[in-house]
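The data block below is model_37.cif; it holds mmCIF, C-alpha atoms and all ligand atoms.
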```cif
data_input
#
loop_
_atom_site.label_atom_id
_atom_site.label_comp_id
_atom_site.auth_asym_id
_atom_site.auth_seq_id
_atom_site.Cartn_x
_atom_site.Cartn_y
_atom_site.Cartn_z
CA MET K 27 -117.67 -41.14 13.54
CA ILE K 28 -115.14 -42.77 15.85
CA VAL K 29 -114.82 -42.99 19.62
CA GLU K 30 -111.46 -42.36 21.23
CA GLY K 31 -111.19 -42.31 25.01
CA LYS K 32 -114.13 -40.16 26.15
CA ALA K 33 -114.37 -38.30 22.85
CA LYS K 34 -116.69 -38.83 19.91
CA ILE K 35 -115.00 -37.58 16.77
CA LYS K 36 -116.59 -37.03 13.40
CA LEU K 37 -114.18 -37.38 10.50
CA ALA K 38 -114.35 -35.57 7.17
CA GLU K 39 -112.75 -35.74 3.77
CA GLY K 40 -109.72 -33.46 3.62
CA VAL K 41 -109.22 -33.23 7.39
CA PHE K 42 -106.32 -35.14 8.89
CA TYR K 43 -106.94 -38.00 11.29
CA ASN K 44 -104.54 -40.88 11.92
CA PRO K 45 -105.94 -43.86 13.86
CA LYS K 46 -102.36 -45.13 14.32
CA MET K 47 -101.73 -42.20 16.69
CA THR K 48 -104.52 -43.22 19.09
CA PHE K 49 -102.04 -44.92 21.45
CA CYS K 50 -99.95 -41.74 21.44
CA ARG K 51 -103.03 -39.68 22.31
CA HIS K 52 -103.84 -42.05 25.20
CA LEU K 53 -100.33 -41.46 26.54
CA ASP K 54 -100.77 -37.70 26.07
CA VAL K 55 -104.00 -37.80 28.09
CA LEU K 56 -102.10 -39.50 30.91
CA ALA K 57 -99.43 -36.79 30.79
CA TYR K 58 -102.11 -34.07 30.81
CA LYS K 59 -103.84 -35.68 33.80
CA VAL K 60 -100.60 -35.43 35.76
CA ILE K 61 -100.05 -31.83 34.65
CA SER K 62 -103.63 -30.89 35.64
CA GLU K 63 -103.09 -32.35 39.04
CA SER K 64 -100.31 -29.89 39.82
CA GLU K 65 -101.58 -26.92 37.77
CA GLY K 66 -105.36 -26.98 38.13
CA LYS K 67 -107.09 -25.62 35.02
CA VAL K 68 -104.56 -25.52 32.20
CA ARG K 69 -105.17 -23.03 29.36
CA SER K 70 -103.96 -25.02 26.40
CA LEU K 71 -103.58 -24.39 22.68
CA ASP K 72 -104.09 -27.30 20.32
CA ALA K 73 -102.18 -25.33 17.70
CA LEU K 74 -102.61 -27.78 14.81
CA SER K 75 -105.97 -29.33 15.65
CA ALA K 76 -107.27 -31.02 12.45
CA THR K 77 -110.38 -32.83 13.86
CA GLY K 78 -109.72 -31.35 17.31
CA VAL K 79 -109.30 -34.80 18.85
CA ARG K 80 -106.33 -33.89 21.05
CA GLY K 81 -107.84 -30.76 22.57
CA ILE K 82 -111.22 -32.44 23.01
CA ARG K 83 -109.68 -35.37 24.85
CA ALA K 84 -107.53 -32.99 26.91
CA ARG K 85 -110.76 -31.24 27.96
CA LEU K 86 -112.88 -34.33 28.63
CA GLU K 87 -110.24 -36.55 30.18
CA ALA K 88 -107.75 -34.20 31.83
CA GLY K 89 -109.81 -31.06 32.51
CA PHE K 90 -107.71 -28.78 30.28
CA ILE K 91 -109.26 -25.55 28.94
CA PRO K 92 -108.38 -25.90 25.26
CA THR K 93 -108.28 -23.42 22.41
CA PHE K 94 -108.32 -24.88 18.91
CA ASN K 95 -106.64 -23.76 15.72
CA ASP K 96 -106.15 -24.96 12.18
CA LYS K 97 -105.33 -23.06 9.00
CA ASN K 98 -107.60 -25.36 7.02
CA PRO K 99 -111.18 -23.92 7.02
CA LYS K 100 -112.61 -27.43 6.57
CA ALA K 101 -110.87 -28.50 9.76
CA VAL K 102 -112.25 -25.49 11.62
CA GLU K 103 -115.79 -26.36 10.52
CA LEU K 104 -115.26 -29.95 11.68
CA ILE K 105 -113.76 -28.87 15.02
CA ARG K 106 -116.91 -26.81 15.70
CA GLU K 107 -119.08 -29.85 14.95
CA ASN K 108 -116.93 -32.07 17.14
CA LEU K 109 -117.08 -29.58 20.01
CA LYS K 110 -120.89 -29.58 19.80
CA LEU K 111 -120.96 -33.37 19.61
CA ASN K 112 -118.98 -33.52 22.86
CA GLY K 113 -120.81 -30.70 24.61
CA ILE K 114 -117.75 -28.46 24.81
CA GLU K 115 -117.53 -24.71 24.39
CA ALA K 116 -114.16 -23.41 23.29
CA GLU K 117 -112.49 -20.81 21.14
CA VAL K 118 -111.62 -21.96 17.62
CA PHE K 119 -109.22 -20.06 15.37
CA ASN K 120 -108.62 -20.33 11.65
CA ARG K 121 -105.14 -18.84 11.73
CA ASP K 122 -101.60 -19.59 10.85
CA ALA K 123 -100.37 -21.21 14.07
CA VAL K 124 -97.18 -19.11 14.16
CA ALA K 125 -99.11 -15.82 13.95
CA LEU K 126 -101.57 -16.98 16.60
CA MET K 127 -98.84 -18.10 19.00
CA ARG K 128 -96.88 -14.89 18.52
CA GLU K 129 -99.91 -12.86 19.64
CA ASN K 130 -101.22 -15.05 22.47
CA ARG K 131 -99.93 -16.80 25.56
CA PHE K 132 -101.05 -20.19 26.85
CA THR K 133 -100.07 -22.31 29.82
CA HIS K 134 -99.58 -25.27 27.51
CA ILE K 135 -99.07 -25.69 23.78
CA ASP K 136 -99.45 -28.86 21.79
CA LEU K 137 -97.63 -28.97 18.45
CA ASP K 138 -98.76 -31.94 16.43
CA PRO K 139 -97.75 -31.21 12.85
CA PHE K 140 -97.69 -33.46 9.85
CA GLY K 141 -93.93 -33.98 9.46
CA SER K 142 -91.51 -31.54 11.04
CA PRO K 143 -92.34 -29.24 13.97
CA ALA K 144 -89.24 -27.15 13.17
CA GLU K 145 -91.08 -24.10 11.81
CA PHE K 146 -93.31 -23.85 14.91
CA ILE K 147 -90.86 -24.41 17.76
CA ASP K 148 -89.46 -20.89 18.06
CA THR K 149 -92.86 -19.22 18.44
CA ALA K 150 -94.22 -22.01 20.62
CA CYS K 151 -91.40 -21.19 23.03
CA VAL K 152 -92.64 -17.59 23.13
CA SER K 153 -96.28 -18.51 23.61
CA ALA K 154 -96.04 -21.46 26.01
CA LEU K 155 -95.73 -20.24 29.57
CA LYS K 156 -95.24 -23.55 31.35
CA TYR K 157 -95.63 -26.65 29.21
CA LEU K 158 -94.86 -27.67 25.67
CA SER K 159 -95.73 -30.92 23.89
CA VAL K 160 -94.23 -31.67 20.50
CA THR K 161 -94.64 -34.45 17.93
CA ALA K 162 -92.20 -35.01 15.08
CA THR K 163 -92.69 -37.48 12.26
CA ASP K 164 -89.67 -36.37 10.22
CA THR K 165 -87.63 -39.03 11.97
CA ALA K 166 -85.05 -39.31 9.16
CA ALA K 167 -83.99 -35.67 9.63
CA LEU K 168 -83.79 -36.08 13.41
CA CYS K 169 -82.18 -39.48 13.79
CA GLY K 170 -79.29 -39.05 11.36
CA SER K 171 -80.51 -41.10 8.44
CA ALA K 172 -80.93 -37.90 6.37
CA PRO K 173 -78.00 -35.69 7.48
CA VAL K 174 -78.73 -32.83 5.07
CA ALA K 175 -82.36 -32.65 6.20
CA GLY K 176 -81.05 -32.61 9.79
CA LEU K 177 -78.93 -29.58 8.94
CA ARG K 178 -81.76 -27.78 7.16
CA LYS K 179 -84.49 -28.39 9.71
CA TYR K 180 -82.62 -28.53 13.00
CA ALA K 181 -79.14 -27.14 12.33
CA ILE K 182 -77.58 -30.32 13.70
CA TYR K 183 -75.19 -32.77 12.17
CA ALA K 184 -76.06 -36.43 12.66
CA GLU K 185 -75.42 -39.73 10.97
CA LYS K 186 -77.16 -43.05 11.36
CA THR K 187 -75.98 -44.92 14.44
CA GLU K 188 -77.28 -48.05 16.17
CA PHE K 189 -79.07 -45.86 18.75
CA TYR K 190 -80.84 -43.70 16.15
CA PRO K 191 -84.25 -43.45 17.90
CA GLU K 192 -82.57 -42.05 21.01
CA LEU K 193 -80.46 -39.74 18.84
CA GLY K 194 -83.67 -38.45 17.24
CA LEU K 195 -85.19 -37.61 20.61
CA ARG K 196 -82.00 -35.91 21.75
CA THR K 197 -81.85 -33.87 18.54
CA LEU K 198 -85.45 -32.75 18.88
CA ILE K 199 -85.12 -31.80 22.55
CA GLY K 200 -81.77 -30.12 21.86
CA LYS K 201 -83.39 -28.00 19.17
CA ILE K 202 -86.22 -26.97 21.49
CA VAL K 203 -83.71 -25.97 24.18
CA ARG K 204 -81.78 -23.81 21.73
CA GLU K 205 -84.99 -22.03 20.70
CA ALA K 206 -86.30 -21.62 24.25
CA THR K 207 -83.21 -20.06 25.84
CA LYS K 208 -83.48 -16.97 23.60
CA TYR K 209 -86.61 -16.20 25.62
CA ASP K 210 -84.87 -16.92 28.94
CA LYS K 211 -86.60 -20.25 29.27
CA ALA K 212 -85.01 -23.51 30.36
CA ILE K 213 -86.69 -26.87 29.97
CA GLU K 214 -87.21 -30.04 31.94
CA VAL K 215 -88.18 -33.23 30.16
CA LEU K 216 -91.29 -34.74 31.75
CA VAL K 217 -91.54 -37.69 29.40
CA SER K 218 -90.44 -38.51 25.87
CA TRP K 219 -90.70 -41.51 23.63
CA ALA K 220 -89.75 -42.83 20.21
CA LYS K 221 -92.30 -45.14 18.65
CA GLU K 222 -92.99 -46.43 15.14
CA HIS K 223 -92.66 -43.45 12.80
CA TYR K 224 -92.71 -40.62 15.31
CA TYR K 225 -91.20 -38.93 18.38
CA ARG K 226 -93.17 -37.26 21.13
CA VAL K 227 -91.90 -35.05 23.96
CA HIS K 228 -93.65 -33.35 26.89
CA LEU K 229 -91.60 -30.58 28.45
CA LYS K 230 -91.87 -28.19 31.32
CA LEU K 231 -90.59 -24.67 30.70
CA ARG K 232 -88.93 -22.59 33.41
CA ARG K 233 -88.47 -18.88 32.95
CA SER K 234 -85.10 -17.90 34.39
CA VAL K 235 -82.07 -16.22 32.86
CA ALA K 236 -79.79 -18.25 35.13
CA LEU K 237 -81.40 -21.60 34.31
CA ALA K 238 -81.52 -20.77 30.59
CA GLY K 239 -77.73 -20.39 30.72
CA LYS K 240 -77.14 -23.38 32.95
CA ILE K 241 -79.18 -25.71 30.73
CA TYR K 242 -76.25 -25.76 28.27
CA GLU K 243 -74.44 -28.05 30.69
CA LYS K 244 -76.90 -30.62 29.33
CA VAL K 245 -76.50 -29.79 25.65
CA GLY K 246 -73.45 -30.85 23.73
CA TYR K 247 -71.72 -33.01 21.19
CA LEU K 248 -71.44 -36.74 20.82
CA PHE K 249 -68.07 -37.98 19.56
CA TYR K 250 -68.81 -41.28 17.90
CA CYS K 251 -66.29 -43.71 16.47
CA PHE K 252 -67.77 -45.72 13.61
CA GLU K 253 -64.73 -48.04 13.74
CA CYS K 254 -65.21 -49.45 17.23
CA GLY K 255 -68.59 -48.09 18.36
CA ASN K 256 -67.04 -45.94 21.10
CA ARG K 257 -69.03 -42.92 22.18
CA GLU K 258 -67.98 -39.98 24.32
CA TRP K 259 -69.71 -36.67 24.81
CA VAL K 260 -68.90 -33.13 25.91
CA PRO K 261 -71.05 -30.12 26.79
CA MET K 262 -71.08 -26.95 24.66
CA ASP K 263 -68.20 -25.38 26.55
CA GLY K 264 -65.59 -25.34 23.84
CA SER K 265 -64.34 -28.83 24.67
CA SER K 266 -63.37 -31.13 21.86
CA LEU K 267 -61.98 -34.62 21.62
CA GLU K 268 -59.13 -35.94 19.52
CA ARG K 269 -58.93 -39.43 18.11
CA CYS K 270 -60.73 -42.41 19.55
CA LYS K 271 -58.61 -44.66 21.76
CA CYS K 272 -58.81 -47.32 19.02
CA GLY K 273 -57.06 -44.95 16.62
CA GLY K 274 -60.28 -44.34 14.65
CA LYS K 275 -61.49 -40.83 13.82
CA PHE K 276 -64.39 -39.44 15.85
CA LYS K 277 -67.44 -38.01 14.10
CA MET K 278 -68.84 -35.03 15.93
CA ILE K 279 -72.64 -35.27 16.16
CA GLY K 280 -74.95 -32.57 17.51
CA PRO K 281 -75.60 -30.35 19.24
CA LEU K 282 -77.79 -32.75 21.18
CA TRP K 283 -79.70 -32.86 24.44
CA LEU K 284 -77.52 -34.87 26.83
CA GLY K 285 -79.83 -34.63 29.85
CA GLU K 286 -82.66 -36.78 31.16
CA LEU K 287 -85.22 -38.18 28.73
CA HIS K 288 -87.90 -38.55 31.39
CA ASP K 289 -88.75 -37.57 34.93
CA LYS K 290 -89.29 -40.75 36.98
CA ASN K 291 -91.80 -39.15 39.28
CA PHE K 292 -93.86 -37.84 36.34
CA VAL K 293 -93.90 -41.20 34.56
CA THR K 294 -94.82 -42.99 37.80
CA ARG K 295 -97.78 -40.64 38.19
CA MET K 296 -98.82 -41.37 34.58
CA ILE K 297 -98.79 -45.09 35.34
CA GLU K 298 -100.92 -44.55 38.44
CA ARG K 299 -103.62 -43.04 36.23
CA VAL K 300 -103.80 -45.75 33.57
CA ASP K 301 -106.73 -47.37 35.36
CA GLU K 302 -108.84 -44.21 34.96
CA MET K 303 -108.59 -44.39 31.17
CA GLU K 304 -111.68 -45.10 29.10
CA VAL K 305 -110.06 -47.90 27.10
CA THR K 306 -110.16 -51.70 27.06
CA ASP K 307 -108.17 -53.72 29.58
CA SER K 308 -105.77 -54.85 26.88
CA VAL K 309 -105.03 -51.21 25.94
CA LYS K 310 -104.53 -50.40 29.62
CA GLU K 311 -102.04 -53.23 29.83
CA LYS K 312 -100.19 -51.94 26.77
CA LEU K 313 -100.10 -48.41 28.17
CA GLU K 314 -98.74 -49.59 31.48
CA LYS K 315 -96.18 -51.86 29.86
CA PHE K 316 -94.96 -49.09 27.59
CA LEU K 317 -94.71 -46.54 30.40
CA ARG K 318 -92.87 -49.05 32.60
CA SER K 319 -90.35 -49.62 29.83
CA ILE K 320 -89.73 -45.85 29.82
CA LEU K 321 -89.53 -45.73 33.61
CA ASP K 322 -87.04 -48.60 33.77
CA GLU K 323 -84.71 -47.04 31.21
CA ILE K 324 -81.62 -45.60 32.89
CA ASP K 325 -80.75 -42.02 32.05
CA VAL K 326 -77.40 -42.57 30.40
CA PRO K 327 -76.71 -41.63 26.80
CA PHE K 328 -76.33 -43.54 24.37
CA ALA K 329 -77.84 -47.01 23.86
CA TYR K 330 -76.16 -50.10 22.43
CA THR K 331 -77.80 -52.82 20.36
CA THR K 332 -77.01 -56.51 20.46
CA HIS K 333 -76.88 -56.94 16.69
CA HIS K 334 -74.51 -54.01 16.17
CA LEU K 335 -72.14 -55.34 18.84
CA ALA K 336 -72.40 -58.86 17.42
CA LYS K 337 -71.58 -57.57 13.95
CA MET K 338 -68.54 -55.64 15.15
CA LEU K 339 -67.27 -58.65 17.12
CA LYS K 340 -68.29 -61.21 14.47
CA VAL K 341 -70.18 -63.31 17.02
CA SER K 342 -73.86 -64.13 17.41
CA PRO K 343 -76.02 -61.54 19.20
CA PRO K 344 -76.69 -62.43 22.85
CA GLN K 345 -80.07 -61.80 24.45
CA VAL K 346 -80.52 -58.27 25.73
CA LEU K 347 -81.71 -59.48 29.10
CA ARG K 348 -78.59 -61.61 29.54
CA ILE K 349 -76.30 -58.65 28.79
CA VAL K 350 -78.22 -56.40 31.17
CA GLU K 351 -77.94 -59.07 33.85
CA GLU K 352 -74.20 -59.54 33.33
CA LEU K 353 -73.55 -55.79 33.29
CA ARG K 354 -75.37 -55.43 36.59
CA LYS K 355 -73.47 -58.35 38.07
CA ALA K 356 -70.25 -56.58 37.07
CA GLY K 357 -71.37 -53.51 39.01
CA PHE K 358 -72.60 -51.33 36.14
CA ARG K 359 -75.97 -49.70 35.72
CA ALA K 360 -77.91 -51.26 32.84
CA SER K 361 -81.43 -51.41 31.43
CA ARG K 362 -83.35 -52.14 28.27
CA VAL K 363 -84.66 -49.30 26.09
CA HIS K 364 -88.34 -48.53 25.50
CA TYR K 365 -88.26 -48.34 21.71
CA SER K 366 -86.68 -51.65 20.75
CA GLY K 367 -86.23 -55.20 21.94
CA PHE K 368 -82.58 -55.21 20.86
CA GLY K 369 -81.29 -52.13 22.64
CA PHE K 370 -79.86 -51.55 26.08
CA LYS K 371 -78.25 -48.76 28.05
CA THR K 372 -75.40 -48.88 30.49
CA ASP K 373 -72.73 -46.74 32.08
CA ALA K 374 -70.14 -49.34 31.07
CA ASN K 375 -67.85 -48.23 28.25
CA ILE K 376 -67.55 -49.91 24.86
CA ASP K 377 -64.63 -52.17 25.88
CA GLU K 378 -66.44 -53.35 29.01
CA VAL K 379 -69.61 -54.03 27.00
CA LYS K 380 -67.67 -55.95 24.34
CA LYS K 381 -65.97 -58.06 27.00
CA ILE K 382 -69.37 -59.15 28.31
CA VAL K 383 -70.73 -59.89 24.84
CA LEU K 384 -67.67 -62.06 24.13
CA ALA K 385 -67.96 -63.83 27.46
CA LEU K 386 -71.62 -64.63 26.72
CA ASN K 387 -70.53 -66.13 23.40
CA ALA K 388 -67.75 -68.24 24.88
C1 LIG G 1 -101.08 -33.83 11.71
S1 LIG G 1 -102.46 -32.75 11.61
C2 LIG G 1 -102.98 -32.62 13.30
C3 LIG G 1 -103.53 -33.90 13.83
C4 LIG G 1 -104.29 -33.80 15.13
N1 LIG G 1 -103.56 -33.04 16.15
C5 LIG G 1 -104.62 -35.20 15.61
O1 LIG G 1 -104.16 -35.62 16.68
O2 LIG G 1 -105.36 -35.88 14.90
C6 LIG G 1 -101.75 -31.18 11.31
C7 LIG G 1 -102.75 -30.06 11.06
O3 LIG G 1 -102.05 -28.83 11.03
C8 LIG G 1 -102.66 -27.95 10.11
N2 LIG G 1 -101.63 -26.95 9.75
C9 LIG G 1 -100.51 -27.14 9.01
N3 LIG G 1 -99.78 -25.99 8.98
C10 LIG G 1 -100.43 -25.08 9.74
C11 LIG G 1 -100.19 -23.73 10.12
N4 LIG G 1 -99.08 -23.10 9.72
N5 LIG G 1 -101.07 -23.11 10.93
C12 LIG G 1 -102.19 -23.75 11.35
N6 LIG G 1 -102.49 -25.03 11.02
C13 LIG G 1 -101.63 -25.69 10.23
C14 LIG G 1 -103.10 -28.86 8.98
O4 LIG G 1 -104.18 -28.27 8.29
C15 LIG G 1 -103.50 -30.15 9.74
O5 LIG G 1 -104.87 -30.17 9.99
ZN ZN G 2 -62.81 -46.23 18.07
#
```
Could I get this file's structure written as structure tokens?
Amino acid sequence: MIVEGKAKIKLAEGVFYNPKMTFCRHLDVLAYKVISESEGKVRSLDALSATGVRGIRARLEAGFIPTFNDKNPKAVELIRENLKLNGIEAEVFNRDAVALMRENRFTHIDLDPFGSPAEFIDTACVSALKYLSVTATDTAALCGSAPVAGLRKYAIYAEKTEFYPELGLRTLIGKIVREATKYDKAIEVLVSWAKEHYYRVHLKLRRSVALAGKIYEKVGYLFYCFECGNREWVPMDGSSLERCKCGGKFKMIGPLWLGELHDKNFVTRMIERVDEMEVTDSVKEKLEKFLRSILDEIDVPFAYTTHHLAKMLKVSPPQVLRIVEELRKAGFRASRVHYSGFGFKTDANIDEVKKIVLALNA
């Protein structure tokens, strides 16, 4: 048996549990606390429950009303035991998640599959009335390091770039948007992050024919030049771009989510709740630090990395903080990124960024 947050969880042979995702589940609890605050009691489906840890924590720590489901009968047996152990009464299904979601509606759905969420997203967009949380661990398909898998799973074309974790998040969110709008639902990103081997997104859904059309202003294609590192992007409105200004050929990557990757107000409210968490002080510190790194990140696609710039310019990589400082001094917006110590974002273009990197090397 293990203890995670306020939950006691029994483990069993043949039922999935990954202790490395505990930090992710702490962050999820914080997101659910904020959602509860505006929604009251949230009817939630933990669609792929395994031990039931997510739904149980959502109940105990954020006041959600969870329903559990897993196609594995062993998992269902364990979920029932874990519910008893934590004094919770809840509905538990032993169904295929897609069939269950097609037949039922929930305020919130959590999709936490092993690997790709692709097969569940369409139906989750039918079933989720207001909120949708999705994990993906098939990062290679999403971030461009496995382009054919990206085509198969997400119908996107991507290649590996220096900002691949951000690309992965934008691919995943873009895919969810394209599934949701069929059902006249638009999305807002509450918070999203790329960490270790996985991506996680928490979205708000808005039912509106008008918004479901308008959301495509925030979905589009990245035109990336592998010669000079230039990046430009256009919405899905038929626009296209010719050659890069350096003479190199653009690669067209997408379709991708080009909108916000987090809602500042939502993340601020998550941070305000860190102190309520049933975790050690050092975990609290880590949670706050991580959330602050998300909060501080400016909402401009697409990030740069110091080593990629240094390689292109054949100079040594400057410190990220120095570049951010210099960019700000020059009047640009700039910040670090939450998923790496070598990345930064700015509204300066590639030539302006290169100029600063060279100046720092002089
Ligand atoms: C990664 S585990 C879930 C982990 C859990 N949410 C946690 O935080 O520990 C994925 C679970 O989904 C279940 N599963 C896979 N495909 C499914 C399907 N089509 N319908 C229902 N359950 C499914 C598996 O049996 C497995 O228990
Ligand atoms: Zn170029």
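Candidate residues K:Asp122, K:Glu352, K:Asp289, K:Glu188 were compared for distance to Val217 in chain K, and the nearest is K:Asp289, using all atoms listed in the file.
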Next item on the list: Excluding Glu302 in chain K and residues on its chain fewer than 6 positions from it, collect all residues at most 12 Å away from it, counting all atoms listed in the file, and give them as a ChimeraX atom specification.
Entry: /K:31-32,52,55-56,59,87-88,296,310,313-314
Checklist line | Polymer residues at most 7 Å from (-100.6, -28.2, 29.1) by only C-alpha atoms, as a VMD selection string | finding: chain K and resid 58 61 68 to 70 133 to 135 157 to 158
Can you check which parts of chain K lie within 10 Å of ligand ZN 2 (chain G)? Per residue, the shortest pair of atoms and distance in Å to one decimal, counting all atoms listed in the file, sorted by chain and number, as a tab-separated table.
```
residue	atom	partner	partner_atom	distance
K:Phe249	CA	G:ZN2	ZN	9.9
K:Tyr250	CA	G:ZN2	ZN	7.8
K:Cys251	CA	G:ZN2	ZN	4.6
K:Phe252	CA	G:ZN2	ZN	6.7
K:Glu253	CA	G:ZN2	ZN	5.1
K:Cys254	CA	G:ZN2	ZN	4.1
K:Gly255	CA	G:ZN2	ZN	6.1
K:Asn256	CA	G:ZN2	ZN	5.2
K:Arg257	CA	G:ZN2	ZN	8.2
K:Arg269	CA	G:ZN2	ZN	7.8
K:Cys270	CA	G:ZN2	ZN	4.6
K:Lys271	CA	G:ZN2	ZN	5.8
K:Cys272	CA	G:ZN2	ZN	4.3
K:Gly273	CA	G:ZN2	ZN	6.1
K:Gly274	CA	G:ZN2	ZN	4.7
K:Lys275	CA	G:ZN2	ZN	7.0
K:Phe276	CA	G:ZN2	ZN	7.3
K:Ile376	CA	G:ZN2	ZN	9.1
K:Asp377	CA	G:ZN2	ZN	10.0
```
Write the residues you've just listed into a file as a tab-separated table (two decimals), keeping the file's coordinate frame, and include C-alpha atoms for each of them.
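Output saved as part.tsv:
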```tsv
chain	number	residue	atom	x	y	z
K	249	PHE	CA	-68.07	-37.98	19.56
K	250	TYR	CA	-68.81	-41.28	17.90
K	251	CYS	CA	-66.29	-43.71	16.47
K	252	PHE	CA	-67.77	-45.72	13.61
K	253	GLU	CA	-64.73	-48.04	13.74
K	254	CYS	CA	-65.21	-49.45	17.23
K	255	GLY	CA	-68.59	-48.09	18.36
K	256	ASN	CA	-67.04	-45.94	21.10
K	257	ARG	CA	-69.03	-42.92	22.18
K	269	ARG	CA	-58.93	-39.43	18.11
K	270	CYS	CA	-60.73	-42.41	19.55
K	271	LYS	CA	-58.61	-44.66	21.76
K	272	CYS	CA	-58.81	-47.32	19.02
K	273	GLY	CA	-57.06	-44.95	16.62
K	274	GLY	CA	-60.28	-44.34	14.65
K	275	LYS	CA	-61.49	-40.83	13.82
K	276	PHE	CA	-64.39	-39.44	15.85
K	376	ILE	CA	-67.55	-49.91	24.86
K	377	ASP	CA	-64.63	-52.17	25.88
```
Margin query: For ligand LIG 1 (chain G), return the neighbouring residues as a ChimeraX atom specification (distance at most 9 Å; all atoms listed in the file).
Written below: /K:40-45,47-48,50-51,72-81,95-102,119-126,136-141,145-146,161
Item checked: One-decimal distance in Å that lies between CA of Ala374 in chain K and CA of Glu351 in chain K ->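 For CA of Glu351 in chain K relative to CA of Ala374 in chain K, the distance reads 12.8 Å.
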Item checked: Separation of CA of Ile382 in chain K from CA of Leu353 in chain K, in Å and rounded to one decimal ->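 A separation of 7.3 Å between them.
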Notebook entry, point to check: Which distance in Å separates CA of Val203 in chain K and CA of Phe189 in chain K, to one decimal?
Noted result: 21.1 Å
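When all atoms listed in the file are used to measure the gap to Phe370 in chain K, the shortest distance among K:Lys34, K:Leu339, K:Leu384, K:Val326 belongs to K:Val326.
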Next item on the list: Find the residues with any atom within 12 Å of (-88.1, -49.3, 19.6); use all atoms listed in the file and the coordinates as given in the file, and write the answer as a list in words.
Entry: Glu188, Phe189, Tyr190, Pro191, Glu192, Gly194, Trp219, Ala220, Lys221, Glu222, His223, Tyr224, Tyr225, Phe316, Ser319, Ile320, Ala329, Thr331, Arg362, Val363, His364, Tyr365, Ser366, Gly367, Phe368, Gly369 and Phe370 of chain K
Item checked: Distance query Ile324 in chain K at most 8 Å, only C-alpha atoms, self and fewer than 5 positions along chain excluded, as an MDAnalysis selection string -> chainID K and resid 359:361 371:372
